[in-house]
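Have a look at the structure below, then the notes.
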Amino acid sequence: MTNLAQWLADQPVDPKLASVVASMAAASVEIARVLRTAPISGQTGLAGQTNVQGEAQKALDVISNDLVVKHLERNAEVSILVSEELDEAVHFSNQGAYLVATDPLDGSSNLDVNVTVGTIFSVLDATAGLLQKGSAQLAAGYAAYGPATSLVLSFGQSVSVFTLDEGGDWVLTAEGLRVAEASGEYAINTARERFWDAATRGYVEENVAGETGAAGKRYNMRWVGSMVADIHRILMRGGIFLYPLDSETAAKGGRLRLLYEANPMALLVEAAGGRSTTGHESILEMMPTGIHQRVPVILGSAEEVARVEAWYARG
Ligand code: P6P
């Protein structure tokens with residue numbers, strides 16, 4: 001079996017870039033270890049503070065962020081960190097060429113009920129500034145802390161999956177992941193229906209109509225409430241994830257963040273042959289206006305994303 005270190009050494013990328021991915025992978029091993037016994041150590045509760053999003057931080061959000069900081073600041077190749085848990089970008093004393101944007105523990109509201117959560121990250125050229133299009137990403141990945149602990153990575157061309165073994169090493173378990181072109185599974189929080197725009201409503205109603213509707217086939221719905229869990233399912237067996245702009249999230253620009261949620265997930269899905277859109281434009285071509293900018297996110301199987309775009313094109 002190939003491990004992460006061997007796989008990274010074989011990739012046609014700058015070894016310094018590979019070392020940044022290795023640092024995030026190492027941080028994820030430590031985060032996984034903390035999560036596994038958090039209920040015993042009583043760490044699943046709130047940290048008693050809020051982040052820049054105004055969201056109550058879980059103790060594990062803060063711990064996970066601290067572990068990411070520890071691993072990145074000791075890597076001379078990383079000079080800047082943007083984190084969901086930090087109001088401002090952190091400029092390390094390093095003069096490295098790389099910037100990492102991360103959600104250290106996405107889906108942490110699921111920790112109390114032991115549902116899969118994850119660490120999402122994006123790697124960019126630090127010399128090109130904080131605000132770059134997702135198409136400029138040099139690498140993206142996430143760790144999924146679930147029944148198995150998975151690490152999913154891409155340098156933009158293909159997607160590889162590693163599984164954490166008992167000894168704490170990442171073992172290559174899948175390469176060349178492809179998102180199924182067609183799918184009968186969609187992921188959206190249907191409790192938000194009253195806020196939806198006409199395009200979202202039209203698309204979902206067609207799915208609910210199943211064989212009798214315009215889509216002409218039966219659909220199933222899955223919504224974990226943890227982006228990493230939903231996206232991992234889509235990468236592994238197809239489907240579409242929708243967190244569209246709606247009348248309640250419109251004022252903030254959406255729910256999910258561009259730099260460290262939408263962009264890395266869009267790179268991974270597109271590198272696996274899927275599509276990503278805000279409904280009106282490619283996520284990866286959006287020019288960010290701020291490090292915590294929120295955007296609508298629709299991504300997954302190409303045929304399903306195309307159907308949603310067709311609904312938006314109706315105006
Ligand atoms: P809702 C988790 O808080 C998160 O940021 C994503 O991981 C997840 O997809 C989404 O929010 C869930 O949102 O509105 O269903 O709670």
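Letters A, B, ... mark the chains of the structure tokens in the order given; residue numbers begin at 1 per chain; ligand numbers begin at 1, in order shown.
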Practice item. Do a neighbour search on Ile298 in chain A at 8 Å with only C-alpha atoms, toss out local chain neighbours closer than 5 positions, and write the hits as a PyMOL selection string. Key: chain A and resi 240-244+276-279+305
Store the residues of this selection in a file with all heavy atoms, as a short mmCIF file (atom, residue, chain, number, x, y, z; two decimals), in the first residue's frame.
```cif
data_model
loop_
_atom_site.label_atom_id
_atom_site.label_comp_id
_atom_site.auth_asym_id
_atom_site.auth_seq_id
_atom_site.Cartn_x
_atom_site.Cartn_y
_atom_site.Cartn_z
N ILE A 240 -25.97 15.79 -6.10
CA ILE A 240 -25.81 17.24 -6.19
C ILE A 240 -26.09 17.85 -4.82
O ILE A 240 -26.99 17.40 -4.10
CB ILE A 240 -26.76 17.85 -7.27
CG1 ILE A 240 -26.54 19.37 -7.40
CG2 ILE A 240 -28.21 17.49 -6.99
CD1 ILE A 240 -27.29 20.00 -8.57
N PHE A 241 -25.29 18.83 -4.46
CA PHE A 241 -25.39 19.55 -3.18
C PHE A 241 -25.85 20.97 -3.50
O PHE A 241 -25.29 21.64 -4.38
CB PHE A 241 -24.03 19.59 -2.51
CG PHE A 241 -23.94 20.42 -1.26
CD1 PHE A 241 -24.10 19.83 -0.01
CD2 PHE A 241 -23.70 21.79 -1.31
CE1 PHE A 241 -24.00 20.59 1.16
CE2 PHE A 241 -23.62 22.56 -0.15
CZ PHE A 241 -23.76 21.96 1.09
N LEU A 242 -26.91 21.41 -2.79
CA LEU A 242 -27.38 22.76 -3.04
C LEU A 242 -27.51 23.54 -1.73
O LEU A 242 -28.22 23.09 -0.81
CB LEU A 242 -28.76 22.76 -3.72
CG LEU A 242 -28.92 22.03 -5.05
CD1 LEU A 242 -29.51 20.64 -4.84
CD2 LEU A 242 -29.82 22.82 -5.99
N TYR A 243 -26.79 24.66 -1.62
CA TYR A 243 -27.09 25.64 -0.60
C TYR A 243 -27.26 26.97 -1.34
O TYR A 243 -26.34 27.80 -1.37
CB TYR A 243 -26.05 25.75 0.52
CG TYR A 243 -26.72 26.07 1.84
CD1 TYR A 243 -26.74 25.20 2.89
CD2 TYR A 243 -27.42 27.28 2.00
CE1 TYR A 243 -27.41 25.47 4.07
CE2 TYR A 243 -28.10 27.57 3.16
CZ TYR A 243 -28.10 26.66 4.19
OH TYR A 243 -28.77 26.95 5.36
N PRO A 244 -28.37 27.12 -2.05
CA PRO A 244 -28.56 28.27 -2.94
C PRO A 244 -28.80 29.56 -2.17
O PRO A 244 -29.09 29.53 -0.96
CB PRO A 244 -29.82 27.88 -3.72
CG PRO A 244 -30.59 27.02 -2.77
CD PRO A 244 -29.55 26.25 -2.00
N SER A 276 -19.67 23.02 -10.80
CA SER A 276 -20.00 23.85 -9.64
C SER A 276 -20.45 25.22 -10.12
O SER A 276 -19.92 25.75 -11.10
CB SER A 276 -18.77 24.01 -8.74
OG SER A 276 -17.75 24.73 -9.43
N THR A 277 -21.46 25.77 -9.44
CA THR A 277 -22.01 27.05 -9.85
C THR A 277 -22.67 27.75 -8.66
O THR A 277 -23.00 27.10 -7.67
CB THR A 277 -23.07 26.87 -10.97
OG1 THR A 277 -23.60 28.14 -11.36
CG2 THR A 277 -24.22 25.98 -10.50
N THR A 278 -22.84 29.06 -8.79
CA THR A 278 -23.64 29.79 -7.79
C THR A 278 -25.10 29.75 -8.24
O THR A 278 -25.98 30.19 -7.53
CB THR A 278 -23.21 31.26 -7.72
OG1 THR A 278 -23.49 31.88 -9.01
CG2 THR A 278 -21.73 31.40 -7.39
N GLY A 279 -25.34 29.28 -9.43
CA GLY A 279 -26.64 29.32 -10.10
C GLY A 279 -26.52 30.23 -11.32
O GLY A 279 -27.12 30.01 -12.36
N VAL A 305 -26.32 19.58 -12.17
CA VAL A 305 -25.95 21.00 -12.08
C VAL A 305 -26.48 21.73 -13.32
O VAL A 305 -27.01 22.84 -13.22
CB VAL A 305 -24.43 21.16 -11.94
CG1 VAL A 305 -24.02 22.63 -12.05
CG2 VAL A 305 -23.95 20.58 -10.61
#
```
Throw together the list of residues within 10 Å of ligand 1, counting only C-alpha atoms and all ligand atoms, and drop it here as a PDB file with N, CA and C atoms, in the first residue's frame.
```pdb
ATOM      1  N   GLU A  55     -21.014  33.155  15.071  1.00  0.00           N
ATOM      2  CA  GLU A  55     -21.478  31.824  15.479  1.00  0.00           C
ATOM      3  C   GLU A  55     -20.749  31.379  16.745  1.00  0.00           C
ATOM      4  N   ASP A 103     -11.380  25.795   6.823  1.00  0.00           N
ATOM      5  CA  ASP A 103     -12.397  25.663   7.852  1.00  0.00           C
ATOM      6  C   ASP A 103     -11.913  24.493   8.699  1.00  0.00           C
ATOM      7  N   LEU A 105     -12.854  22.923  11.320  1.00  0.00           N
ATOM      8  CA  LEU A 105     -13.797  21.888  11.730  1.00  0.00           C
ATOM      9  C   LEU A 105     -15.180  22.262  11.220  1.00  0.00           C
ATOM     10  N   ASP A 106     -15.439  21.835   9.962  1.00  0.00           N
ATOM     11  CA  ASP A 106     -16.726  22.159   9.347  1.00  0.00           C
ATOM     12  C   ASP A 106     -17.800  21.190   9.836  1.00  0.00           C
ATOM     13  N   GLY A 107     -18.968  21.760  10.140  1.00  0.00           N
ATOM     14  CA  GLY A 107     -20.080  20.912  10.576  1.00  0.00           C
ATOM     15  C   GLY A 107     -20.063  20.633  12.065  1.00  0.00           C
ATOM     16  N   SER A 108     -19.335  21.476  12.804  1.00  0.00           N
ATOM     17  CA  SER A 108     -19.109  21.144  14.225  1.00  0.00           C
ATOM     18  C   SER A 108     -20.392  21.082  15.045  1.00  0.00           C
ATOM     19  N   SER A 109     -21.483  21.631  14.498  1.00  0.00           N
ATOM     20  CA  SER A 109     -22.754  21.525  15.244  1.00  0.00           C
ATOM     21  C   SER A 109     -23.199  20.059  15.325  1.00  0.00           C
ATOM     22  N   ASN A 110     -22.551  19.191  14.533  1.00  0.00           N
ATOM     23  CA  ASN A 110     -22.916  17.768  14.546  1.00  0.00           C
ATOM     24  C   ASN A 110     -22.117  16.954  15.551  1.00  0.00           C
ATOM     25  N   THR A 116     -20.466  12.706  11.053  1.00  0.00           N
ATOM     26  CA  THR A 116     -19.229  13.053  10.355  1.00  0.00           C
ATOM     27  C   THR A 116     -19.043  14.553  10.196  1.00  0.00           C
ATOM     28  N   VAL A 117     -17.865  15.042  10.574  1.00  0.00           N
ATOM     29  CA  VAL A 117     -17.475  16.443  10.376  1.00  0.00           C
ATOM     30  C   VAL A 117     -16.137  16.415   9.639  1.00  0.00           C
ATOM     31  N   GLY A 118     -15.595  17.610   9.332  1.00  0.00           N
ATOM     32  CA  GLY A 118     -14.359  17.591   8.556  1.00  0.00           C
ATOM     33  C   GLY A 118     -13.536  18.855   8.641  1.00  0.00           C
ATOM     34  N   ILE A 120     -11.587  21.372   6.012  1.00  0.00           N
ATOM     35  CA  ILE A 120     -11.514  21.707   4.594  1.00  0.00           C
ATOM     36  C   ILE A 120     -10.369  22.692   4.393  1.00  0.00           C
ATOM     37  N   ALA A 187     -29.068  16.842  -2.426  1.00  0.00           N
ATOM     38  CA  ALA A 187     -28.881  17.245  -1.023  1.00  0.00           C
ATOM     39  C   ALA A 187     -29.221  18.719  -0.876  1.00  0.00           C
ATOM     40  N   ILE A 188     -30.268  18.999  -0.127  1.00  0.00           N
ATOM     41  CA  ILE A 188     -30.659  20.376   0.151  1.00  0.00           C
ATOM     42  C   ILE A 188     -31.440  20.372   1.457  1.00  0.00           C
ATOM     43  N   ASN A 189     -31.385  21.470   2.191  1.00  0.00           N
ATOM     44  CA  ASN A 189     -32.139  21.565   3.436  1.00  0.00           C
ATOM     45  C   ASN A 189     -33.565  22.005   3.101  1.00  0.00           C
ATOM     46  N   THR A 190     -34.473  21.054   2.994  1.00  0.00           N
ATOM     47  CA  THR A 190     -35.838  21.340   2.519  1.00  0.00           C
ATOM     48  C   THR A 190     -36.647  22.138   3.548  1.00  0.00           C
ATOM     49  N   ALA A 191     -36.129  22.281   4.762  1.00  0.00           N
ATOM     50  CA  ALA A 191     -36.829  23.110   5.760  1.00  0.00           C
ATOM     51  C   ALA A 191     -36.762  24.584   5.369  1.00  0.00           C
ATOM     52  N   ARG A 192     -35.921  24.904   4.374  1.00  0.00           N
ATOM     53  CA  ARG A 192     -35.769  26.287   3.943  1.00  0.00           C
ATOM     54  C   ARG A 192     -36.630  26.626   2.722  1.00  0.00           C
ATOM     55  N   TRP A 223     -29.554  14.844   3.364  1.00  0.00           N
ATOM     56  CA  TRP A 223     -29.012  16.103   3.886  1.00  0.00           C
ATOM     57  C   TRP A 223     -28.424  15.821   5.257  1.00  0.00           C
ATOM     58  N   VAL A 224     -27.089  15.759   5.334  1.00  0.00           N
ATOM     59  CA  VAL A 224     -26.425  15.438   6.602  1.00  0.00           C
ATOM     60  C   VAL A 224     -26.342  16.674   7.485  1.00  0.00           C
ATOM     61  N   GLY A 225     -26.214  17.841   6.821  1.00  0.00           N
ATOM     62  CA  GLY A 225     -26.014  19.053   7.626  1.00  0.00           C
ATOM     63  C   GLY A 225     -24.541  19.241   7.954  1.00  0.00           C
ATOM     64  N   SER A 226     -23.707  18.497   7.258  1.00  0.00           N
ATOM     65  CA  SER A 226     -22.254  18.622   7.369  1.00  0.00           C
ATOM     66  C   SER A 226     -21.721  18.569   5.946  1.00  0.00           C
ATOM     67  N   MET A 227     -21.201  19.713   5.469  1.00  0.00           N
ATOM     68  CA  MET A 227     -20.826  19.816   4.039  1.00  0.00           C
ATOM     69  C   MET A 227     -19.844  18.727   3.645  1.00  0.00           C
ATOM     70  N   VAL A 228     -18.848  18.468   4.516  1.00  0.00           N
ATOM     71  CA  VAL A 228     -17.846  17.449   4.181  1.00  0.00           C
ATOM     72  C   VAL A 228     -18.516  16.092   3.962  1.00  0.00           C
ATOM     73  N   ALA A 229     -19.463  15.755   4.817  1.00  0.00           N
ATOM     74  CA  ALA A 229     -20.149  14.451   4.688  1.00  0.00           C
ATOM     75  C   ALA A 229     -20.957  14.395   3.391  1.00  0.00           C
ATOM     76  N   ASP A 230     -21.672  15.472   3.078  1.00  0.00           N
ATOM     77  CA  ASP A 230     -22.495  15.481   1.861  1.00  0.00           C
ATOM     78  C   ASP A 230     -21.630  15.468   0.610  1.00  0.00           C
ATOM     79  N   ILE A 231     -20.558  16.258   0.617  1.00  0.00           N
ATOM     80  CA  ILE A 231     -19.695  16.296  -0.576  1.00  0.00           C
ATOM     81  C   ILE A 231     -18.954  14.970  -0.759  1.00  0.00           C
ATOM     82  N   PHE A 241     -25.287  18.828  -4.456  1.00  0.00           N
ATOM     83  CA  PHE A 241     -25.395  19.553  -3.177  1.00  0.00           C
ATOM     84  C   PHE A 241     -25.853  20.971  -3.497  1.00  0.00           C
ATOM     85  N   LEU A 242     -26.907  21.406  -2.787  1.00  0.00           N
ATOM     86  CA  LEU A 242     -27.385  22.763  -3.037  1.00  0.00           C
ATOM     87  C   LEU A 242     -27.512  23.544  -1.730  1.00  0.00           C
ATOM     88  N   TYR A 243     -26.787  24.656  -1.622  1.00  0.00           N
ATOM     89  CA  TYR A 243     -27.092  25.643  -0.605  1.00  0.00           C
ATOM     90  C   TYR A 243     -27.257  26.971  -1.343  1.00  0.00           C
ATOM     91  N   THR A 249     -30.855  34.263   3.269  1.00  0.00           N
ATOM     92  CA  THR A 249     -29.383  34.365   3.244  1.00  0.00           C
ATOM     93  C   THR A 249     -28.914  35.445   2.259  1.00  0.00           C
ATOM     94  N   ARG A 255     -24.833  31.244   2.479  1.00  0.00           N
ATOM     95  CA  ARG A 255     -24.570  30.609   3.785  1.00  0.00           C
ATOM     96  C   ARG A 255     -23.107  30.187   3.900  1.00  0.00           C
ATOM     97  N   LEU A 256     -22.579  29.545   2.847  1.00  0.00           N
ATOM     98  CA  LEU A 256     -21.252  28.947   2.922  1.00  0.00           C
ATOM     99  C   LEU A 256     -20.183  29.916   2.433  1.00  0.00           C
ATOM    100  N   ARG A 257     -18.955  29.735   2.924  1.00  0.00           N
ATOM    101  CA  ARG A 257     -17.889  30.682   2.638  1.00  0.00           C
ATOM    102  C   ARG A 257     -17.105  30.292   1.402  1.00  0.00           C
ATOM    103  N   GLU A 261     -14.632  26.979   1.942  1.00  0.00           N
ATOM    104  CA  GLU A 261     -15.636  25.914   1.797  1.00  0.00           C
ATOM    105  C   GLU A 261     -15.968  25.713   0.319  1.00  0.00           C
ATOM    106  N   VAL A 297     -23.920  27.897  -3.158  1.00  0.00           N
ATOM    107  CA  VAL A 297     -23.126  26.736  -3.587  1.00  0.00           C
ATOM    108  C   VAL A 297     -24.034  25.662  -4.160  1.00  0.00           C
TER     109      VAL A 297
END
```
Practice item. Find the residue from A:Gly168, A:Pro264, A:Gly290, A:Gly48 that sits nearest to Ile31 in chain A; use only C-alpha atoms when measuring. Key: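 Selected residue with least distance to Ile31 in chain A: A:Gly168.
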Review point. Can you list, as number ranges by chain, every protein, DNA or RNA residue that comes within 8 Å of Val29 in chain A when you count only C-alpha atoms, leaving out same-chain residues fewer than 3 positions away?
Key: A: 25-26, 32-33, 164, 168
Check your understanding: Please, which residues of range 1-206 of chain A, numbered as in this document, come out alpha helix (DSSP H) from DSSP, as an NGL selection string?
Key -> :A and (4-10 or 15-36 or 38-41 or 59-73 or 198-206)
Check your understanding: Which one of A:Glu285, A:Ala209, A:Tyr145, A:Tyr260 sits closest to Leu99 in chain A if you count only C-alpha atoms?
Key ->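 The closest residue to Leu99 in chain A is A:Tyr260.
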Check your understanding: If you count only C-alpha atoms, which residues fall within 8 Å of range 58-68 of chain A, apart from same-chain ones fewer than 6 positions away, as JSON, numbers by chain?
Key -> {"A": [24, 27, 28, 30, 31, 35, 43, 44, 45, 46, 47, 48, 83, 85, 104, 105, 108, 109]}
Point to revise | Separation of CA of Val295 in chain A from CA of Asp246 in chain A in Å | key: 10.8 Å
Nearby residues (only C-alpha atoms) at most 6 Å from range 153-163 of chain A, same-chain spacing under 6 positions excluded, as a compact mmCIF listing (two decimals) with all heavy atoms, in the first residue's frame:
```
# COMPACT_ATOMS: atom_id res chain seq x y z
N LEU A 138 -3.90 26.05 -5.88
CA LEU A 138 -2.82 25.14 -6.26
C LEU A 138 -3.08 23.74 -5.74
O LEU A 138 -2.57 22.74 -6.26
CB LEU A 138 -1.50 25.67 -5.69
CG LEU A 138 -1.13 27.09 -6.17
CD1 LEU A 138 0.05 27.63 -5.36
CD2 LEU A 138 -0.84 27.10 -7.65
N ALA A 139 -3.91 23.65 -4.69
CA ALA A 139 -4.29 22.36 -4.11
C ALA A 139 -5.53 22.58 -3.25
O ALA A 139 -5.79 23.72 -2.81
CB ALA A 139 -3.17 21.78 -3.25
N ALA A 140 -6.28 21.52 -3.06
CA ALA A 140 -7.46 21.60 -2.17
C ALA A 140 -7.69 20.21 -1.59
O ALA A 140 -7.27 19.18 -2.18
CB ALA A 140 -8.68 22.07 -2.94
N GLY A 141 -8.33 20.18 -0.44
CA GLY A 141 -8.61 18.88 0.16
C GLY A 141 -9.47 19.00 1.39
O GLY A 141 -9.81 20.11 1.82
N TRP A 170 -1.52 7.84 6.59
CA TRP A 170 -2.54 7.94 5.54
C TRP A 170 -2.21 6.96 4.43
O TRP A 170 -1.14 7.05 3.81
CB TRP A 170 -2.59 9.35 4.97
CG TRP A 170 -3.08 10.41 5.90
CD1 TRP A 170 -2.33 11.36 6.53
CD2 TRP A 170 -4.43 10.64 6.31
NE1 TRP A 170 -3.14 12.17 7.30
CE2 TRP A 170 -4.43 11.75 7.19
CE3 TRP A 170 -5.65 10.01 6.02
CZ2 TRP A 170 -5.59 12.26 7.78
CZ3 TRP A 170 -6.82 10.52 6.61
CH2 TRP A 170 -6.79 11.62 7.47
N VAL A 171 -3.10 6.02 4.14
CA VAL A 171 -2.88 4.99 3.13
C VAL A 171 -3.76 5.28 1.91
O VAL A 171 -4.97 5.51 2.05
CB VAL A 171 -3.21 3.59 3.71
CG1 VAL A 171 -3.06 2.52 2.64
CG2 VAL A 171 -2.32 3.28 4.91
N LEU A 172 -3.15 5.25 0.71
CA LEU A 172 -3.90 5.52 -0.52
C LEU A 172 -4.94 4.43 -0.73
O LEU A 172 -4.61 3.25 -0.80
CB LEU A 172 -2.93 5.56 -1.71
CG LEU A 172 -3.53 5.87 -3.08
CD1 LEU A 172 -4.09 7.29 -3.12
CD2 LEU A 172 -2.48 5.67 -4.18
N THR A 173 -6.23 4.84 -0.82
CA THR A 173 -7.29 3.85 -1.00
C THR A 173 -8.12 4.09 -2.26
O THR A 173 -8.94 3.25 -2.63
CB THR A 173 -8.24 3.82 0.24
OG1 THR A 173 -8.55 5.15 0.65
CG2 THR A 173 -7.57 3.09 1.40
N ALA A 174 -7.94 5.22 -2.93
CA ALA A 174 -8.64 5.44 -4.22
C ALA A 174 -7.91 6.54 -4.98
O ALA A 174 -7.41 7.50 -4.39
CB ALA A 174 -10.09 5.83 -4.00
N GLU A 175 -7.85 6.38 -6.31
CA GLU A 175 -7.26 7.41 -7.17
C GLU A 175 -8.16 7.65 -8.37
O GLU A 175 -8.95 6.80 -8.75
CB GLU A 175 -5.88 6.93 -7.68
CG GLU A 175 -4.73 7.24 -6.74
CD GLU A 175 -3.37 7.10 -7.42
OE1 GLU A 175 -3.07 5.98 -7.89
OE2 GLU A 175 -2.65 8.10 -7.50
N GLY A 176 -8.06 8.82 -8.95
CA GLY A 176 -8.82 9.12 -10.16
C GLY A 176 -10.32 9.08 -9.94
O GLY A 176 -11.07 8.58 -10.77
N LEU A 177 -10.75 9.59 -8.79
CA LEU A 177 -12.19 9.61 -8.45
C LEU A 177 -12.96 10.37 -9.53
O LEU A 177 -12.49 11.39 -10.03
CB LEU A 177 -12.36 10.33 -7.11
CG LEU A 177 -13.28 9.71 -6.06
CD1 LEU A 177 -12.90 8.27 -5.78
CD2 LEU A 177 -13.23 10.52 -4.77
N ALA A 271 -12.40 18.66 -10.50
CA ALA A 271 -11.27 17.79 -10.85
C ALA A 271 -11.74 16.34 -11.02
O ALA A 271 -11.09 15.54 -11.71
CB ALA A 271 -10.19 17.86 -9.77
```
**Study point:** Shortest interatomic distance to Glu309 in chain A - which of A:Val179, A:Val69, A:Ile40, A:Ala199, counting only C-alpha atoms
**Key:**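 Closest to Glu309 in chain A, using only C-alpha atoms: A:Ala199.
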Point to revise | Nearest to Asn220 in chain A by atom-to-atom distance, counting only C-alpha atoms, from A:Val204, A:Leu17, A:Val152, A:Leu235 | key: A:Val204
Check your understanding: Smallest atom-to-atom distance to Thr149 in chain A: which of A:Arg36, A:Arg194, A:Arg74, A:His280, using only C-alpha atoms?
Key ->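 Closest residue, counting only C-alpha atoms: A:Arg36.
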Exercise for review: Identify all residues of range 183-265 of chain A in strand (DSSP E or B) (DSSP on the backbone) and supply them as a list of chain:residue names.
Suggested key: A:Glu185, A:Tyr186, A:Ala187, A:Asn220, A:Met221, A:Ile240, A:Phe241, A:Leu242, A:Tyr243, A:Leu256, A:Arg257
Review point. What's the 9 Å shell around Asn75 in chain A, counting only C-alpha atoms, without same-chain residues fewer than 2 positions away, as a list in words?
Key: Ser19, Val20, Ser23, His71, Leu72, Glu73, Glu77, Val78, Ser79, Asn94 and Gly96 of chain A
Review point. If you measure from CA of His232 in chain A to CA of Ser150 in chain A, what distance in Å do you get, rounded to one decimal?
Key: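 So the two atoms, CA of His232 in chain A and CA of Ser150 in chain A, lie 9.2 Å apart.
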Point to revise | Distance criterion (only C-alpha atoms): nearest to Pro288 in chain A out of A:Val21, A:Ile234, A:Ala313, A:Leu258 | key: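 That would be A:Leu258, the residue with the smallest distance to Pro288 in chain A.
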